[in-house]
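Down below is the structure, laid out as structure tokens.
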Amino acid sequence: MYISKLASASGGNILQTLETRRAELASQGADIINLSAGTPDRPPAAHIMQAISEAAPNPENYKYTLIEPPALVDAVHHWYEARFGVDIAHDEMLSIYGSQEGFAHIFHALCDPGDLVITGTPGYPIFSFGPRMAGAEVYHTPLLPENGFLIDFDAIPPEVARKARVIIACYPSNPLGAVADRDFYERLVAFAVKYDITVIHDNAYAELVHDGPAGGSFLAIPGAKDVGIEFNSLSKSHNLTGMRISFALGNRRVIGAFKKLRTNIDYGLSSIDHAAAIAALSGPQNNVAQNRAAYRERRNAFCAALCKTGWNVPMTPATMFTWFPMPVKEISSEDFCMDLLEKAGVICVPGSSFGDGGEGWLRFALIQPPERLEEAARRIGEYLRARQ
């Protein structure tokens, strides 16, 4: 039986490996502090859950939807206008089953086999796997701490830029927690125009900026809609990870091509998803602000507690994650994470799972209350002292 080269060359998801071992240890009575997957522990707002509960008993809501209802299109339009100052027309948006699903399929609309996609390293795995699913090649440009983990456009060889069909940007960044300013996005647009490259910007964490100005939108930059699109998600901002509700927004030609492709593989989000999205975008946004404040408090508590152990970690400026250089150098990030789980009962994600550029770094998800994060830091401190 033949197995494709893509599947044969693909490794398993490290989060599943960590979860499997966590479950084994927990079944033996171990107290595990899980700081791996970015699944919010906070609930959705009450008005969103109420909208879902009212939609669920209606049998009409279990049929194919095929197109977005006008109420959802209007909700997205008013949300982007109010939040980012960006006008989104009806043919400039498409609802999708989460941004990860969007990245898995968008390259089939933008690339042919052998085409080139530029993305950063370290980067979220789907940024590389999605292009490979479409048969495209991937050029990894280093995202370096000395550059604030921003793409260095001058470091991309001109011959790579001339060949590339797409460039991916993700700010605020998972896993890096980096934030891009307006000057960066203006340079991104200019780079795309110069080389006739389509931009895909992942904007899942715009609501979770801890320091400095509020997160913005790539589409707010003049000329951005001429060169690209943006994915935005309700997963982390509104605690709806399990609902899988995201949107592709921007250039109508790209959206049109993506929509046409998706009609061959998809029948649309459910009407219950639509009800949740409309409630989330049109209703009170108090919970979004509370989420941001909670993650900021957790970031502050965790970083302060780790610094007290002697591990002087940086204050990751955004997202629900922290991104730290490893406190030891003699082992790989994956071995460190597995050893930390076994000996300290704390789970984090190795930087190597985000590409070669992530080796030597660790990602912790702020998905526990401050007191549990402080306990995690205490255990990590004991673990590090035992290694000395």
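Residue numbering restarts at 1 for every chain of the structure tokens, chains are lettered A, B, ... in their displayed order, and ligands are numbered from 1 as they appear.
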
Spatial neighbours of A:Ile278, 10 Å, only C-alpha atoms, chain gap at least 6 places, as a list in words: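 Near neighbours after the sequence-gap exclusion: Ile48, Ala51, Pro69, Ala71, Leu72, Val73, Asp74, Ala75, Val76, Trp79 and Ile272 of chain A.
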
Distance query stretch 140-148 of chain A at most 9 Å, only C-alpha atoms, self and fewer than 5 positions along chain excluded, as a PyMOL selection string: chain A and resi 117-123+128+153+155-156+178-180+355+357

Helix (DSSP H, G or I) call set, DSSP backbone run, stretch 157-277 of chain A, as a VMD selection string: chain A and resid 158 to 163 182 to 195 218 to 220 224 to 227 241 to 243 252 to 262 271 to 277

Surrounding residues of A:Ala46 excluding itself and chain neighbours under 6 positions, 12 Å, only C-alpha atoms, as a PyMOL selection string: chain A and resi 52-53+238-239+276+279-280+283-287

Selected residue, from A:Gln368, A:Gln16, A:Thr316, A:Ser99, that lies nearest to A:Ser233 when counting only C-alpha atoms: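 Nearest to A:Ser233: A:Ser99.
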
A:Thr309, A:Leu261, A:Ala277, A:Val138 ranked by distance to A:His47, top pick (using only C-alpha atoms): A:Ala277

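With atom CA of A:Asn300 on one side and atom CA of A:Gly38 on the other, the separation reads 17.7 Å.
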
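Going from atom CA of A:Ala301 to atom CA of A:Gly351 covers 22.0 Å.
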
Distance query A:Val189 at most 7 Å, only C-alpha atoms, self and fewer than 4 positions along chain excluded, as a list in words: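 With the cut-off at 7 Å, the set is Tyr185, Val193, Gly223, Ala224 and Val227 of chain A.
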
Serialized selection, all heavy atoms, as a PDB file, in the first residue's frame:
```pdb
ATOM      1  N   TYR A 185       4.235  47.116   8.684  1.00  0.00           N
ATOM      2  CA  TYR A 185       3.207  46.752   7.714  1.00  0.00           C
ATOM      3  C   TYR A 185       3.317  47.570   6.435  1.00  0.00           C
ATOM      4  O   TYR A 185       3.029  47.070   5.348  1.00  0.00           O
ATOM      5  CB  TYR A 185       1.823  46.918   8.339  1.00  0.00           C
ATOM      6  CG  TYR A 185       1.520  45.870   9.395  1.00  0.00           C
ATOM      7  CD1 TYR A 185       1.227  46.237  10.699  1.00  0.00           C
ATOM      8  CD2 TYR A 185       1.540  44.520   9.080  1.00  0.00           C
ATOM      9  CE1 TYR A 185       0.958  45.280  11.659  1.00  0.00           C
ATOM     10  CE2 TYR A 185       1.268  43.561  10.032  1.00  0.00           C
ATOM     11  CZ  TYR A 185       0.982  43.938  11.327  1.00  0.00           C
ATOM     12  OH  TYR A 185       0.730  42.995  12.269  1.00  0.00           O
ATOM     13  N   VAL A 193       4.286  44.717  -3.210  1.00  0.00           N
ATOM     14  CA  VAL A 193       4.081  45.431  -4.474  1.00  0.00           C
ATOM     15  C   VAL A 193       5.305  45.281  -5.365  1.00  0.00           C
ATOM     16  O   VAL A 193       5.189  45.004  -6.568  1.00  0.00           O
ATOM     17  CB  VAL A 193       3.779  46.917  -4.199  1.00  0.00           C
ATOM     18  CG1 VAL A 193       3.819  47.711  -5.498  1.00  0.00           C
ATOM     19  CG2 VAL A 193       2.431  47.075  -3.518  1.00  0.00           C
ATOM     20  N   GLY A 223      -3.181  50.358   0.602  1.00  0.00           N
ATOM     21  CA  GLY A 223      -2.656  49.420  -0.374  1.00  0.00           C
ATOM     22  C   GLY A 223      -2.667  47.977   0.078  1.00  0.00           C
ATOM     23  O   GLY A 223      -2.393  47.071  -0.729  1.00  0.00           O
ATOM     24  N   ALA A 224      -2.979  47.705   1.347  1.00  0.00           N
ATOM     25  CA  ALA A 224      -2.935  46.325   1.843  1.00  0.00           C
ATOM     26  C   ALA A 224      -3.938  45.436   1.124  1.00  0.00           C
ATOM     27  O   ALA A 224      -3.636  44.289   0.770  1.00  0.00           O
ATOM     28  CB  ALA A 224      -3.180  46.301   3.354  1.00  0.00           C
ATOM     29  N   VAL A 227      -2.857  43.838  -2.100  1.00  0.00           N
ATOM     30  CA  VAL A 227      -1.811  42.808  -2.149  1.00  0.00           C
ATOM     31  C   VAL A 227      -2.106  41.583  -1.298  1.00  0.00           C
ATOM     32  O   VAL A 227      -1.369  40.590  -1.393  1.00  0.00           O
ATOM     33  CB  VAL A 227      -0.436  43.389  -1.726  1.00  0.00           C
ATOM     34  CG1 VAL A 227       0.001  44.481  -2.688  1.00  0.00           C
ATOM     35  CG2 VAL A 227      -0.470  43.903  -0.294  1.00  0.00           C
TER      36      VAL A 227
END
```

Please provide as a JSON list (two decimals) with C-alpha atoms, in the first residue's frame all residues within 10 Å of A:Arg83, with the sequence filter that same-chain residues fewer than 2 positions apart are discarded (counting only C-alpha atoms).
```json
[["chain", "number", "residue", "atom", "x", "y", "z"],
["A", 78, "HIS", "CA", -19.40, 46.63, 11.51],
["A", 79, "TRP", "CA", -16.87, 44.83, 13.72],
["A", 80, "TYR", "CA", -13.90, 45.52, 11.44],
["A", 81, "GLU", "CA", -14.98, 49.10, 10.88],
["A", 85, "GLY", "CA", -11.21, 51.33, 10.91],
["A", 86, "VAL", "CA", -11.33, 48.95, 7.93],
["A", 207, "GLU", "CA", -6.93, 41.55, 21.07],
["A", 215, "GLY", "CA", -3.39, 45.52, 18.25],
["A", 216, "GLY", "CA", -4.36, 46.64, 14.75],
["A", 217, "SER", "CA", -5.04, 45.17, 11.33]]
```

Residue among A:His201, A:Arg132, A:His274, A:Arg162 lying closest to A:Leu234, counting only C-alpha atoms: A:His274

Long-range neighbours of A:Arg387 as an MDAnalysis selection string, 12 Å cut-off, only C-alpha atoms, 5 positions minimum in chain: chainID A and resid 327:331 336 339:340 343:344 380:382

Just to be explicit: take each residue in the selection above, keep C-alpha atoms, and write the result as a CSV table (one decimal), in the first residue's frame.
```csv
chain,number,residue,atom,x,y,z
A,327,PRO,CA,17.8,28.2,30.8
A,328,VAL,CA,20.2,25.2,29.9
A,329,LYS,CA,22.1,24.7,26.7
A,330,GLU,CA,23.4,21.1,26.9
A,331,ILE,CA,20.1,19.4,25.7
A,336,PHE,CA,14.1,19.5,28.1
A,339,ASP,CA,12.4,15.9,31.2
A,340,LEU,CA,10.5,18.8,32.8
A,343,LYS,CA,10.5,15.4,36.9
A,344,ALA,CA,8.6,18.6,37.6
A,380,ILE,CA,10.8,24.8,37.4
A,381,GLY,CA,13.2,26.5,39.8
A,382,GLU,CA,13.6,23.3,41.8
```

Stretch 175-359 of chain A: residues DSSP assigns to strand (DSSP E), reported as a list in words: Thr198, Val199, Ile200, His201, Asp202, Gly228, Ile229, Glu230, Phe231, Asn232, Ser233, Ser246, Phe247, Ala248, Leu249, Gly250, Phe321, Thr322, Trp323, Phe324, Pro325, Val346, Ile347, Val349 and Pro350 of chain A

Residues near A:Leu362, cut-off 7 Å, only C-alpha atoms, skip fewer than 3 positions along chain, as a ChimeraX atom specification: /A:323-326,333,348-351

Keeping only N, CA, C and O atoms, write the selected residues as a short mmCIF file (atom, residue, chain, number, x, y, z; two decimals), in the first residue's frame.
```cif
data_model
loop_
_atom_site.label_atom_id
_atom_site.label_comp_id
_atom_site.auth_asym_id
_atom_site.auth_seq_id
_atom_site.Cartn_x
_atom_site.Cartn_y
_atom_site.Cartn_z
N TRP A 323 7.46 33.25 25.41
CA TRP A 323 8.50 32.67 24.55
C TRP A 323 9.84 33.00 25.20
O TRP A 323 10.25 34.15 25.25
N PHE A 324 10.51 31.95 25.72
CA PHE A 324 11.71 32.16 26.51
C PHE A 324 12.89 31.40 25.93
O PHE A 324 12.74 30.25 25.47
N PRO A 325 14.11 31.97 25.98
CA PRO A 325 15.31 31.19 25.66
C PRO A 325 15.53 30.16 26.76
O PRO A 325 15.28 30.42 27.95
N MET A 326 15.99 28.97 26.38
CA MET A 326 16.15 27.90 27.36
C MET A 326 17.17 28.28 28.43
O MET A 326 18.18 28.92 28.15
N SER A 333 15.60 21.29 23.01
CA SER A 333 14.37 21.82 23.61
C SER A 333 13.34 20.72 23.83
O SER A 333 12.61 20.73 24.83
N CYS A 348 5.52 22.27 28.81
CA CYS A 348 5.66 23.38 27.88
C CYS A 348 5.95 22.80 26.51
O CYS A 348 6.04 21.58 26.34
N VAL A 349 6.10 23.64 25.51
CA VAL A 349 6.28 23.18 24.13
C VAL A 349 7.69 23.53 23.67
O VAL A 349 8.13 24.67 23.82
N PRO A 350 8.40 22.56 23.11
CA PRO A 350 9.77 22.85 22.64
C PRO A 350 9.77 23.80 21.46
O PRO A 350 8.95 23.69 20.54
N GLY A 351 10.72 24.71 21.46
CA GLY A 351 10.82 25.65 20.35
C GLY A 351 11.08 24.98 19.03
O GLY A 351 10.70 25.49 17.97
#
```

d(atom CA of A:Gly135, atom CA of A:Asp152) in Å: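 Straight-line distance from atom CA of A:Gly135 to atom CA of A:Asp152 works out to 25.6 Å.
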
Minimum-distance residue to A:Met320, chosen among A:Glu297, A:Asp181, A:Glu334, A:Glu359 (using only C-alpha atoms):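 Of the candidates, the smallest distance to A:Met320 is held by A:Glu297.
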
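Taking only C-alpha atoms into account, A:Pro113 lies nearest to A:Arg165 out of the set A:Arg253, A:Lys308, A:Arg165, A:Arg385.
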
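Using only C-alpha atoms, the shortest contact distance between A:Leu306 and any of A:Glu375, A:Ser332, A:Lys259, A:Ala293 is found at A:Glu375.
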